[in-house]
Amino acid sequence: MSRAVLLLAFGVIANSALGYAAERKPHVVFIVADDLGWNDVSWHNPDMITPNLEKLARSGVILNHTYVQHWCSPSRSAFMSGYFPYHTGMQHNVIPNAGPYGLPLNLTILPQYMKKAGYATHMVGKWHQGFCKWEYTPTERGFDSFYGYYVAREDHYTHSDRDPHGFEGFDFRDGKKPVTDLGGKYGTDVFAERAVDIVRSHDRSKPLFLYLPFQNVHGPVQVPEAYEKKYEHVHNRMRRKYSGMVTILDEAIGNVTRALEDAGMFDDTVIIFTTDNGGQPLAGGNNWPLRGAKTTLWEGGTRGVAFVRSRMLKKSGYVYNGITHASDWFPTILSIAGMTPPANIDGRNIWKYLSDDTASPRDEFVYNIDELLKNGAIRKDRYKLIVGNPGHLNSWYPVPRFDDRSEALANERCMHLHYECADTTKALRWNFDRVKLFDIDADPTEHFDVSKTYPEVTAALVERFKKYLETLIPGHPHAEAERANPKYYGGFWSPGWC
């Protein structure tokens, strides 16, 4: 498959919208939590206080086997484009603050299609799809409004970030205009207030598409004291603060939901909620009992928390066990909007399968393929093949009970079961003689490598992996540009240097 075929996207507006009248298209609110772990929501862990999320999830469809990428930027690229990241060059790690690239500009992305379908398009929260030139930024890519930040992370109160090279600057925008008057207000509160304002002021002659990628629960681990106090029984300080971050996120989503109800829009809204990757134990997140964490190809880094809530679902109030992937939200949302998704994308339209509780159209997907790290993983039916080093958090991490557990974890580097750290002093190479195979249906926590037990399955998946590898678009090494330094842009992380 050629690079051109993989990167071009074509779309045609359709006249019907999944059985409901095209003249009354549903509103769509697409909510993304940042770094939320498998064990960080109340329907998996009753110690977590997430009543608003649980109410929405239980009244909709909980996705029990949905997969995201193991890093922030790649997942968001899949949401926006419908492609596996290795088909758009977005597979390697995340876009650094001074990274001179972004989600490829020859892709027509989700908000652009939603505008074609007649939607008002708004984004509130974290972009992280590149900003080195204005063309990469949200209002140049289909959003009518943007209120949020461009970079990977920032202080929740000062809204600034210092990158590993020592470049430091503020990052908060209203459209393209820097925002300087937040007065130390907590980021999740700011985002919720803007989302509520958008709902309240929405012109009902148009359907609404609201993309709401919250800052929480990404580090730095910060939360107002009142929310930390809700978890006084938690002795580990980082986990206590992180849990408070989950609860303030839940409250923010509750505020947006109530705004939809007050505006008479709730019953006509499809609410989609997902995390962007697994939780990070080094920052308080938890994926127990899944193995691994954010940044790894293990289930703990890639099996995400997600649900859909809508009165248009034929069946609701249940747990869906079909396999779905982050790239599936793109064609699914377009179909909800009455559009025919582009041809040749990786995503599948999963709406009717969720609505009817029927078998998923997907029985395989690519976790990731990274030619720079020479690692990757694929899934076919019940089997998962891992090639190369899956990451540096290779164990199983229970909820920490005391502070010393976090300190011990922070000092770990290469963990368990004979996986080496990547040696950056040597050229890496693909090693297909040393792979791992897991039966995820029988062993979802990945305790037992069965590559030697099922050599035929292993060999077949290795060949399949190699075929996938042939379609890879090269990723971006972490070259960073000094000209991105905020000191050249009035102290703000700003476009204009690539």
# chains A, B, ... in the order shown; residues from 1 in each chain; ligands from 1
>>> residues_around(residues="range 115-122 of chain A", least_positions_apart="5", cutoff="8 Å", atoms="only C-alpha atoms", output="list in words")
Ile13, Gly142, Phe143, Asp144, Ser145, Phe146, Ile198, Lys206, Pro207, Leu208, Phe209, Leu210, Tyr211, Ala337, Gly338 and Met339 of chain A
>>> residues_around(residues="range 151-164 of chain A", least_positions_apart="3", cutoff="9 Å", atoms="only C-alpha atoms", output="VMD selection string")
chain A and resid 72 to 73 94 to 98 126 to 131 167 to 172 182 to 188 215 to 216 218 to 223 492 to 493
>>> write_last_selection(atoms="C-alpha atoms", output="CSV table (one decimal), in the first residue's frame")
chain,number,residue,atom,x,y,z
A,72,CYS,CA,-0.9,10.7,24.3
A,73,SER,CA,-0.1,12.1,20.9
A,94,VAL,CA,4.8,12.0,21.9
A,95,ILE,CA,5.3,15.3,20.1
A,96,PRO,CA,7.7,17.2,22.3
A,97,ASN,CA,7.1,20.9,23.0
A,98,ALA,CA,9.8,21.8,20.5
A,126,LYS,CA,-5.4,19.7,25.3
A,127,TRP,CA,-4.4,19.6,21.7
A,128,HIS,CA,-1.0,17.9,21.5
A,129,GLN,CA,-1.1,17.3,17.7
A,130,GLY,CA,1.6,19.8,16.9
A,131,PHE,CA,1.8,23.6,16.8
A,167,PHE,CA,12.7,26.0,27.6
A,168,GLU,CA,9.9,27.5,29.7
A,169,GLY,CA,6.7,29.3,28.8
A,170,PHE,CA,3.0,29.7,29.2
A,171,ASP,CA,0.5,27.8,27.1
A,172,PHE,CA,-3.1,28.8,27.1
A,182,LEU,CA,-6.6,32.9,34.5
A,183,GLY,CA,-5.4,34.1,37.9
A,184,GLY,CA,-4.0,30.7,39.0
A,185,LYS,CA,-7.4,28.9,38.5
A,186,TYR,CA,-7.3,25.1,38.3
A,187,GLY,CA,-7.3,24.0,34.7
A,188,THR,CA,-10.1,21.4,34.9
A,215,GLN,CA,-6.1,18.0,31.2
A,216,ASN,CA,-6.8,15.7,34.1
A,218,HIS,CA,-2.1,14.0,33.6
A,219,GLY,CA,0.8,15.1,35.9
A,220,PRO,CA,1.9,17.2,37.5
A,221,VAL,CA,-0.1,15.6,40.3
A,222,GLN,CA,-2.0,18.7,41.6
A,223,VAL,CA,-5.5,19.1,42.9
A,492,PHE,CA,4.5,31.7,25.3
A,493,TRP,CA,4.8,28.4,23.6
>>> residues_around(residues="range 452-465 of chain A", least_positions_apart="6", cutoff="7 Å", atoms="only C-alpha atoms", output="compact mmCIF listing (two decimals) with all heavy atoms, in the first residue's frame")
# COMPACT_ATOMS: atom_id res chain seq x y z
N ILE A 378 0.78 -6.64 17.85
CA ILE A 378 -0.46 -6.77 17.08
C ILE A 378 -1.38 -7.76 17.78
O ILE A 378 -0.94 -8.59 18.58
CB ILE A 378 -0.20 -7.23 15.63
CG1 ILE A 378 0.43 -8.63 15.59
CG2 ILE A 378 0.66 -6.21 14.89
CD1 ILE A 378 0.55 -9.20 14.18
N LEU A 385 0.76 -10.64 19.87
CA LEU A 385 2.19 -10.82 19.63
C LEU A 385 2.92 -9.55 19.99
O LEU A 385 2.54 -8.46 19.55
CB LEU A 385 2.43 -11.16 18.16
CG LEU A 385 3.90 -11.36 17.76
CD1 LEU A 385 4.36 -12.77 18.13
CD2 LEU A 385 4.09 -11.10 16.26
N LEU A 437 4.10 -14.21 22.94
CA LEU A 437 2.72 -14.44 22.53
C LEU A 437 1.86 -14.64 23.77
O LEU A 437 2.23 -15.40 24.67
CB LEU A 437 2.63 -15.67 21.62
CG LEU A 437 1.24 -15.97 21.05
CD1 LEU A 437 0.89 -14.97 19.95
CD2 LEU A 437 1.17 -17.41 20.51
>>> residues_around(residues="Tyr320 in chain A", least_positions_apart="3", cutoff="10 Å", atoms="only C-alpha atoms", output="PyMOL selection string")
chain A and resi 61-66+307+316-317+323-324+353-360
>>> write_last_selection(atoms="N, CA, C and O atoms", output="PDB file, in the first residue's frame")
ATOM      1  N   VAL A  61     -23.355   2.234  27.268  1.00  0.00           N
ATOM      2  CA  VAL A  61     -22.638   0.995  26.952  1.00  0.00           C
ATOM      3  C   VAL A  61     -21.198   1.159  27.403  1.00  0.00           C
ATOM      4  O   VAL A  61     -20.494   2.068  26.940  1.00  0.00           O
ATOM      5  N   ILE A  62     -20.762   0.312  28.318  1.00  0.00           N
ATOM      6  CA  ILE A  62     -19.368   0.291  28.769  1.00  0.00           C
ATOM      7  C   ILE A  62     -18.577  -0.596  27.813  1.00  0.00           C
ATOM      8  O   ILE A  62     -18.945  -1.744  27.568  1.00  0.00           O
ATOM      9  N   LEU A  63     -17.491  -0.045  27.275  1.00  0.00           N
ATOM     10  CA  LEU A  63     -16.641  -0.815  26.364  1.00  0.00           C
ATOM     11  C   LEU A  63     -15.562  -1.512  27.185  1.00  0.00           C
ATOM     12  O   LEU A  63     -14.701  -0.858  27.775  1.00  0.00           O
ATOM     13  N   ASN A  64     -15.616  -2.832  27.200  1.00  0.00           N
ATOM     14  CA  ASN A  64     -14.734  -3.602  28.062  1.00  0.00           C
ATOM     15  C   ASN A  64     -13.427  -3.995  27.379  1.00  0.00           C
ATOM     16  O   ASN A  64     -12.475  -4.380  28.045  1.00  0.00           O
ATOM     17  N   HIS A  65     -13.401  -3.929  26.055  1.00  0.00           N
ATOM     18  CA  HIS A  65     -12.190  -4.302  25.315  1.00  0.00           C
ATOM     19  C   HIS A  65     -11.895  -3.258  24.245  1.00  0.00           C
ATOM     20  O   HIS A  65     -11.799  -3.561  23.064  1.00  0.00           O
ATOM     21  N   THR A  66     -11.771  -2.003  24.676  1.00  0.00           N
ATOM     22  CA  THR A  66     -11.394  -0.959  23.736  1.00  0.00           C
ATOM     23  C   THR A  66      -9.924  -0.626  23.942  1.00  0.00           C
ATOM     24  O   THR A  66      -9.419  -0.651  25.075  1.00  0.00           O
ATOM     25  N   PHE A 307     -16.800   4.513  27.377  1.00  0.00           N
ATOM     26  CA  PHE A 307     -18.222   4.195  27.282  1.00  0.00           C
ATOM     27  C   PHE A 307     -18.886   5.133  26.279  1.00  0.00           C
ATOM     28  O   PHE A 307     -18.323   6.159  25.886  1.00  0.00           O
ATOM     29  N   SER A 316     -28.937  -0.505  25.806  1.00  0.00           N
ATOM     30  CA  SER A 316     -28.043   0.227  26.692  1.00  0.00           C
ATOM     31  C   SER A 316     -28.070  -0.430  28.067  1.00  0.00           C
ATOM     32  O   SER A 316     -28.812  -1.381  28.313  1.00  0.00           O
ATOM     33  N   GLY A 317     -27.237   0.075  28.956  1.00  0.00           N
ATOM     34  CA  GLY A 317     -27.162  -0.490  30.294  1.00  0.00           C
ATOM     35  C   GLY A 317     -26.463  -1.833  30.331  1.00  0.00           C
ATOM     36  O   GLY A 317     -26.797  -2.706  31.126  1.00  0.00           O
ATOM     37  N   ILE A 323     -14.046  -6.201  20.537  1.00  0.00           N
ATOM     38  CA  ILE A 323     -12.807  -5.425  20.419  1.00  0.00           C
ATOM     39  C   ILE A 323     -13.071  -4.147  19.631  1.00  0.00           C
ATOM     40  O   ILE A 323     -13.677  -4.181  18.557  1.00  0.00           O
ATOM     41  N   THR A 324     -12.638  -3.017  20.166  1.00  0.00           N
ATOM     42  CA  THR A 324     -12.689  -1.741  19.462  1.00  0.00           C
ATOM     43  C   THR A 324     -11.359  -1.022  19.638  1.00  0.00           C
ATOM     44  O   THR A 324     -10.573  -1.355  20.531  1.00  0.00           O
ATOM     45  N   TYR A 353     -22.963  -2.005  16.078  1.00  0.00           N
ATOM     46  CA  TYR A 353     -22.565  -3.167  16.878  1.00  0.00           C
ATOM     47  C   TYR A 353     -22.728  -2.865  18.368  1.00  0.00           C
ATOM     48  O   TYR A 353     -23.163  -3.725  19.137  1.00  0.00           O
ATOM     49  N   LEU A 354     -22.390  -1.638  18.758  1.00  0.00           N
ATOM     50  CA  LEU A 354     -22.627  -1.223  20.137  1.00  0.00           C
ATOM     51  C   LEU A 354     -24.120  -1.122  20.415  1.00  0.00           C
ATOM     52  O   LEU A 354     -24.601  -1.524  21.482  1.00  0.00           O
ATOM     53  N   SER A 355     -24.852  -0.572  19.447  1.00  0.00           N
ATOM     54  CA  SER A 355     -26.276  -0.355  19.628  1.00  0.00           C
ATOM     55  C   SER A 355     -27.053  -1.659  19.717  1.00  0.00           C
ATOM     56  O   SER A 355     -28.012  -1.781  20.489  1.00  0.00           O
ATOM     57  N   ASP A 356     -26.629  -2.652  18.940  1.00  0.00           N
ATOM     58  CA  ASP A 356     -27.343  -3.925  18.888  1.00  0.00           C
ATOM     59  C   ASP A 356     -26.739  -4.989  19.802  1.00  0.00           C
ATOM     60  O   ASP A 356     -27.320  -6.067  19.946  1.00  0.00           O
ATOM     61  N   ASP A 357     -25.555  -4.709  20.366  1.00  0.00           N
ATOM     62  CA  ASP A 357     -24.810  -5.708  21.137  1.00  0.00           C
ATOM     63  C   ASP A 357     -24.539  -6.940  20.283  1.00  0.00           C
ATOM     64  O   ASP A 357     -24.865  -8.077  20.644  1.00  0.00           O
ATOM     65  N   THR A 358     -23.936  -6.714  19.124  1.00  0.00           N
ATOM     66  CA  THR A 358     -23.547  -7.792  18.238  1.00  0.00           C
ATOM     67  C   THR A 358     -22.028  -7.805  18.099  1.00  0.00           C
ATOM     68  O   THR A 358     -21.337  -6.864  18.494  1.00  0.00           O
ATOM     69  N   ALA A 359     -21.514  -8.875  17.513  1.00  0.00           N
ATOM     70  CA  ALA A 359     -20.068  -9.072  17.438  1.00  0.00           C
ATOM     71  C   ALA A 359     -19.387  -7.907  16.739  1.00  0.00           C
ATOM     72  O   ALA A 359     -19.878  -7.377  15.739  1.00  0.00           O
ATOM     73  N   SER A 360     -18.250  -7.506  17.260  1.00  0.00           N
ATOM     74  CA  SER A 360     -17.501  -6.387  16.704  1.00  0.00           C
ATOM     75  C   SER A 360     -17.076  -6.685  15.271  1.00  0.00           C
ATOM     76  O   SER A 360     -16.766  -7.836  14.929  1.00  0.00           O
TER      77      SER A 360
END
>>> closest_residue(among="A:Asn349, A:Ser451, A:Ser205, A:Thr269", to="Arg311 in chain A", atoms="only C-alpha atoms")
A:Thr269
>>> select_by_dssp(residues="range 57-196 of chain A", states="strand (DSSP E or B)", output="ChimeraX atom specification")
/A:61-67,120-126,145-149,160-162,168-170,173-174,177-178
>>> residues_around(residues="range 283-296 of chain A", least_positions_apart="4", cutoff="7 Å", atoms="only C-alpha atoms", output="MDAnalysis selection string")
chainID A and resid 36:40 70:71 219 221 238:239 242 277:279 300:301 390:399 445:446
>>> closest_residue(among="A:Asn431, A:Tyr136, A:Lys25, A:Thr275", to="Ser335 in chain A", atoms="only C-alpha atoms")
A:Lys25
>>> closest_residue(among="A:Ile440, A:Arg194, A:Glu299, A:Gly99", to="Tyr150 in chain A", atoms="only C-alpha atoms")
A:Gly99
>>> residues_around(residues="Trp134 in chain A", least_positions_apart="5", cutoff="9 Å", atoms="only C-alpha atoms", output="PyMOL selection string")
chain A and resi 139-140+176+494-496
>>> residues_around(residues="Val435 in chain A", least_positions_apart="3", cutoff="7 Å", atoms="only C-alpha atoms", output="PDB file with C-alpha atoms, in the first residue's frame")
ATOM      1  CA  ILE A 386       4.837  -8.524  21.117  1.00  0.00           C
ATOM      2  CA  VAL A 387       8.017  -7.830  19.153  1.00  0.00           C
ATOM      3  CA  GLY A 388      10.942  -6.120  20.870  1.00  0.00           C
ATOM      4  CA  PHE A 432      11.760 -11.737  15.262  1.00  0.00           C
TER       5      PHE A 432
END
>>> closest_residue(among="A:Pro477, A:Gly60, A:Pro281, A:Pro74", to="Thr88 in chain A", atoms="only C-alpha atoms")
A:Pro74
>>> atom_distance(atom1="CA of Met265 in chain A", atom2="CA of Asp35 in chain A")
28.8 Å
>>> select_by_dssp(residues="range 69-121 of chain A", states="helix (DSSP H, G or I)", output="list in words")
Cys72, Ser73, Pro74, Ser75, Arg76, Ser77, Ala78, Phe79, Met80, Ser81, Pro85, Tyr86, His87, Leu110, Pro111, Gln112, Tyr113, Met114, Lys115 and Lys116 of chain A
>>> closest_residue(among="A:Val305, A:Leu107, A:Tyr149, A:Tyr113", to="Glu135 in chain A", atoms="only C-alpha atoms")
A:Leu107
>>> atom_distance(atom1="CA of Ala259 in chain A", atom2="CA of His202 in chain A")
11.1 Å
>>> atom_distance(atom1="CA of Arg483 in chain A", atom2="CA of Thr137 in chain A")
18.0 Å
>>> closest_residue(among="A:Ile473, A:Ile49, A:Leu110, A:Ile253", to="Pro331 in chain A", atoms="only C-alpha atoms")
A:Leu110
>>> decode(residues="range 69-93 of chain A", atoms="N, CA, C and O atoms", output="PDB file, in the first residue's frame")
ATOM      1  N   GLN A  69      -3.715   3.986  22.151  1.00  0.00           N
ATOM      2  CA  GLN A  69      -2.263   3.910  22.032  1.00  0.00           C
ATOM      3  C   GLN A  69      -1.639   4.061  23.425  1.00  0.00           C
ATOM      4  O   GLN A  69      -2.306   4.445  24.372  1.00  0.00           O
ATOM      5  N   HIS A  70      -0.359   3.784  23.535  1.00  0.00           N
ATOM      6  CA  HIS A  70       0.293   3.805  24.849  1.00  0.00           C
ATOM      7  C   HIS A  70       0.895   5.160  25.187  1.00  0.00           C
ATOM      8  O   HIS A  70       1.531   5.319  26.217  1.00  0.00           O
ATOM      9  N   TRP A  71       0.701   6.156  24.296  1.00  0.00           N
ATOM     10  CA  TRP A  71       1.140   7.522  24.521  1.00  0.00           C
ATOM     11  C   TRP A  71       0.021   8.476  24.112  1.00  0.00           C
ATOM     12  O   TRP A  71      -0.859   8.127  23.323  1.00  0.00           O
ATOM     13  N   CYS A  72       0.128   9.725  24.589  1.00  0.00           N
ATOM     14  CA  CYS A  72      -0.921  10.729  24.345  1.00  0.00           C
ATOM     15  C   CYS A  72      -1.082  11.091  22.871  1.00  0.00           C
ATOM     16  O   CYS A  72      -2.171  10.964  22.306  1.00  0.00           O
ATOM     17  N   SER A  73      -0.030  11.617  22.243  1.00  0.00           N
ATOM     18  CA  SER A  73      -0.138  12.109  20.866  1.00  0.00           C
ATOM     19  C   SER A  73      -0.635  11.043  19.895  1.00  0.00           C
ATOM     20  O   SER A  73      -1.507  11.324  19.064  1.00  0.00           O
ATOM     21  N   PRO A  74      -0.098   9.818  19.941  1.00  0.00           N
ATOM     22  CA  PRO A  74      -0.575   8.816  18.989  1.00  0.00           C
ATOM     23  C   PRO A  74      -2.067   8.524  19.116  1.00  0.00           C
ATOM     24  O   PRO A  74      -2.763   8.393  18.101  1.00  0.00           O
ATOM     25  N   SER A  75      -2.583   8.415  20.351  1.00  0.00           N
ATOM     26  CA  SER A  75      -4.019   8.167  20.513  1.00  0.00           C
ATOM     27  C   SER A  75      -4.834   9.302  19.919  1.00  0.00           C
ATOM     28  O   SER A  75      -5.834   9.085  19.218  1.00  0.00           O
ATOM     29  N   ARG A  76      -4.446  10.527  20.197  1.00  0.00           N
ATOM     30  CA  ARG A  76      -5.203  11.676  19.703  1.00  0.00           C
ATOM     31  C   ARG A  76      -5.157  11.748  18.175  1.00  0.00           C
ATOM     32  O   ARG A  76      -6.122  12.179  17.532  1.00  0.00           O
ATOM     33  N   SER A  77      -4.029  11.311  17.603  1.00  0.00           N
ATOM     34  CA  SER A  77      -3.961  11.273  16.137  1.00  0.00           C
ATOM     35  C   SER A  77      -4.942  10.245  15.580  1.00  0.00           C
ATOM     36  O   SER A  77      -5.562  10.476  14.534  1.00  0.00           O
ATOM     37  N   ALA A  78      -5.102   9.122  16.271  1.00  0.00           N
ATOM     38  CA  ALA A  78      -6.062   8.109  15.825  1.00  0.00           C
ATOM     39  C   ALA A  78      -7.495   8.617  15.964  1.00  0.00           C
ATOM     40  O   ALA A  78      -8.330   8.383  15.084  1.00  0.00           O
ATOM     41  N   PHE A  79      -7.795   9.316  17.071  1.00  0.00           N
ATOM     42  CA  PHE A  79      -9.131   9.896  17.234  1.00  0.00           C
ATOM     43  C   PHE A  79      -9.458  10.847  16.073  1.00  0.00           C
ATOM     44  O   PHE A  79     -10.562  10.849  15.544  1.00  0.00           O
ATOM     45  N   MET A  80      -8.487  11.683  15.725  1.00  0.00           N
ATOM     46  CA  MET A  80      -8.719  12.742  14.752  1.00  0.00           C
ATOM     47  C   MET A  80      -8.692  12.255  13.305  1.00  0.00           C
ATOM     48  O   MET A  80      -9.335  12.853  12.433  1.00  0.00           O
ATOM     49  N   SER A  81      -7.940  11.176  13.021  1.00  0.00           N
ATOM     50  CA  SER A  81      -7.707  10.782  11.625  1.00  0.00           C
ATOM     51  C   SER A  81      -8.345   9.469  11.210  1.00  0.00           C
ATOM     52  O   SER A  81      -8.564   9.235  10.017  1.00  0.00           O
ATOM     53  N   GLY A  82      -8.586   8.561  12.168  1.00  0.00           N
ATOM     54  CA  GLY A  82      -9.083   7.242  11.824  1.00  0.00           C
ATOM     55  C   GLY A  82      -8.018   6.270  11.373  1.00  0.00           C
ATOM     56  O   GLY A  82      -8.325   5.160  10.938  1.00  0.00           O
ATOM     57  N   TYR A  83      -6.754   6.669  11.494  1.00  0.00           N
ATOM     58  CA  TYR A  83      -5.642   5.811  11.108  1.00  0.00           C
ATOM     59  C   TYR A  83      -4.891   5.302  12.344  1.00  0.00           C
ATOM     60  O   TYR A  83      -4.767   6.020  13.348  1.00  0.00           O
ATOM     61  N   PHE A  84      -4.330   4.079  12.235  1.00  0.00           N
ATOM     62  CA  PHE A  84      -3.328   3.668  13.199  1.00  0.00           C
ATOM     63  C   PHE A  84      -2.163   4.646  13.093  1.00  0.00           C
ATOM     64  O   PHE A  84      -1.779   5.041  11.969  1.00  0.00           O
ATOM     65  N   PRO A  85      -1.554   5.043  14.197  1.00  0.00           N
ATOM     66  CA  PRO A  85      -0.481   6.042  14.117  1.00  0.00           C
ATOM     67  C   PRO A  85       0.692   5.651  13.224  1.00  0.00           C
ATOM     68  O   PRO A  85       1.315   6.531  12.622  1.00  0.00           O
ATOM     69  N   TYR A  86       0.984   4.364  13.101  1.00  0.00           N
ATOM     70  CA  TYR A  86       2.118   3.989  12.265  1.00  0.00           C
ATOM     71  C   TYR A  86       1.814   4.207  10.777  1.00  0.00           C
ATOM     72  O   TYR A  86       2.714   4.109   9.934  1.00  0.00           O
ATOM     73  N   HIS A  87       0.574   4.536  10.459  1.00  0.00           N
ATOM     74  CA  HIS A  87       0.214   4.888   9.087  1.00  0.00           C
ATOM     75  C   HIS A  87       0.219   6.392   8.842  1.00  0.00           C
ATOM     76  O   HIS A  87      -0.071   6.833   7.727  1.00  0.00           O
ATOM     77  N   THR A  88       0.526   7.176   9.855  1.00  0.00           N
ATOM     78  CA  THR A  88       0.596   8.635   9.683  1.00  0.00           C
ATOM     79  C   THR A  88       1.918   9.210  10.198  1.00  0.00           C
ATOM     80  O   THR A  88       2.072  10.433  10.255  1.00  0.00           O
ATOM     81  N   GLY A  89       2.847   8.359  10.599  1.00  0.00           N
ATOM     82  CA  GLY A  89       4.120   8.835  11.126  1.00  0.00           C
ATOM     83  C   GLY A  89       4.044   9.353  12.550  1.00  0.00           C
ATOM     84  O   GLY A  89       4.967  10.013  13.029  1.00  0.00           O
ATOM     85  N   MET A  90       2.951   9.014  13.262  1.00  0.00           N
ATOM     86  CA  MET A  90       2.739   9.540  14.610  1.00  0.00           C
ATOM     87  C   MET A  90       2.982   8.492  15.694  1.00  0.00           C
ATOM     88  O   MET A  90       2.545   8.648  16.827  1.00  0.00           O
ATOM     89  N   GLN A  91       3.712   7.425  15.372  1.00  0.00           N
ATOM     90  CA  GLN A  91       3.812   6.291  16.273  1.00  0.00           C
ATOM     91  C   GLN A  91       4.901   6.389  17.327  1.00  0.00           C
ATOM     92  O   GLN A  91       4.895   5.628  18.288  1.00  0.00           O
ATOM     93  N   HIS A  92       5.841   7.302  17.156  1.00  0.00           N
ATOM     94  CA  HIS A  92       7.008   7.293  18.040  1.00  0.00           C
ATOM     95  C   HIS A  92       6.833   8.273  19.195  1.00  0.00           C
ATOM     96  O   HIS A  92       6.937   9.490  19.023  1.00  0.00           O
ATOM     97  N   ASN A  93       6.541   7.717  20.368  1.00  0.00           N
ATOM     98  CA  ASN A  93       6.483   8.528  21.572  1.00  0.00           C
ATOM     99  C   ASN A  93       5.438   9.633  21.423  1.00  0.00           C
ATOM    100  O   ASN A  93       4.367   9.403  20.867  1.00  0.00           O
TER     101      ASN A  93
END
